[in-house]
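Here the structure comes first, spelled out in structure tokens, and everything after it is commentary.
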Amino acid sequence: MYLSIGNDLAVRDRGIIGIFDLDNTSVSGRTREFLARAEREGQVVPCDELPKSFVLTAEYGLNRLYLSALNTSTLEKRLTE
């Protein structure tokens, strides 16, 4: 199955490591370092709007961090439907 994360993007559900709220997690220095490193390494897939969450995936040996304008509860509901 696929999870629609907005911005005409979808990710495979079995490749999802986690769905994280950007406001709550970016308070931590470690998370900010992780996000900055992912950006430097070209692993971040941006969204057109103000991001509210990010979806971390790992498939085929590649890690990707998708920014999403949808909040985590919306993404989780879509995942369980």
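To be explicit about the labels: the chains of the structure tokens are called A, B, and onward in the order shown, and within each one the residues are counted from 1, while ligands get numbers from 1 in the order they are shown.
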**Report entry** Distance query stretch 24-32 of chain A at most 10 Å, only C-alpha atoms, self and fewer than 6 positions along chain excluded, as a list of chain:residue names
**Finding:**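 Final neighbour list, sorted by chain and number: A:Ala38, A:Lys52, A:Ser53, A:Phe54.
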Next, dump the selected residues to file, keeping only C-alpha atoms, as an mmCIF file, in the first residue's frame.
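Full text of out00.cif as output:
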```cif
data_model
loop_
_atom_site.group_PDB
_atom_site.id
_atom_site.type_symbol
_atom_site.label_atom_id
_atom_site.label_comp_id
_atom_site.auth_asym_id
_atom_site.auth_seq_id
_atom_site.Cartn_x
_atom_site.Cartn_y
_atom_site.Cartn_z
ATOM 1 C CA ALA A 38 19.846 14.899 5.836
ATOM 2 C CA LYS A 52 4.118 20.421 9.596
ATOM 3 C CA SER A 53 5.582 16.930 9.682
ATOM 4 C CA PHE A 54 8.161 14.691 8.122
#
```
If we count only C-alpha atoms and set the cut-off at 7 Å, which residues sit around A:Thr72, ignoring sequence neighbours fewer than 3 positions away in its own chain? Please answer as a compact mmCIF listing (two decimals) with C-alpha atoms, in the first residue's frame.
```txt
# COMPACT_ATOMS: atom_id res chain seq x y z
CA ILE A 19 6.06 9.94 11.02
CA PHE A 20 7.14 12.90 13.12
CA ASP A 21 5.66 16.26 14.08
CA SER A 53 5.58 16.93 9.68
CA LEU A 75 -1.05 10.96 7.98
CA GLU A 76 -1.66 8.31 10.62
```
Query - Of the listed residues A:Leu62, A:Val44, A:Thr57, A:Leu70, that which approaches A:Val11 most closely, counting only C-alpha atoms - result: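 Closest to A:Val11, using only C-alpha atoms: A:Thr57.
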Tell me, as a JSON list (two decimals) with C-alpha atoms, in the first residue's frame, which residues lie within 12 Å of A:Leu50, counting only C-alpha atoms; anything in the same chain fewer than 3 positions away does not count.
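And here is the file that came out, out_3.json:
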```json
[["chain", "number", "residue", "atom", "x", "y", "z"],
["A", 6, "GLY", "CA", 0.39, 15.55, 0.06],
["A", 7, "ASN", "CA", 2.07, 17.59, -2.67],
["A", 22, "LEU", "CA", 8.12, 18.90, 12.94],
["A", 23, "ASP", "CA", 7.31, 21.44, 15.69],
["A", 46, "PRO", "CA", 10.70, 19.32, 0.21],
["A", 47, "CYS", "CA", 7.05, 20.33, 0.04],
["A", 53, "SER", "CA", 5.58, 16.93, 9.68],
["A", 54, "PHE", "CA", 8.16, 14.69, 8.12],
["A", 67, "LEU", "CA", 8.49, 17.03, 4.38],
["A", 68, "SER", "CA", 4.71, 17.23, 4.44],
["A", 69, "ALA", "CA", 2.22, 20.04, 4.93],
["A", 70, "LEU", "CA", -0.14, 17.53, 6.56],
["A", 71, "ASN", "CA", -0.09, 17.02, 10.32]]
```
Query raised in the report: How would you write, as a VMD selection string, the set of residues in chain A that DSSP gives as helix (DSSP H, G or I)?
Result: chain A and resid 13 to 15 22 to 25 29 to 40 72 to 80
Query - Which residue of A:Leu79, A:Leu3, A:Leu9, A:Gly15 approaches A:Ala58 most closely, using only C-alpha atoms - result: A:Gly15
**Report entry** Residues within 6 Å of A:Val55, only C-alpha atoms, excluding chain neighbours under 4 positions, as a PyMOL selection string
**Finding:** chain A and resi 18-19+65-66
Query raised in the report: Do you have the atom CA of A:Asp48-atom CA of A:Thr80 distance handy?
Result: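 Separating atom CA of A:Asp48 from atom CA of A:Thr80 is a distance of 25.2 Å.
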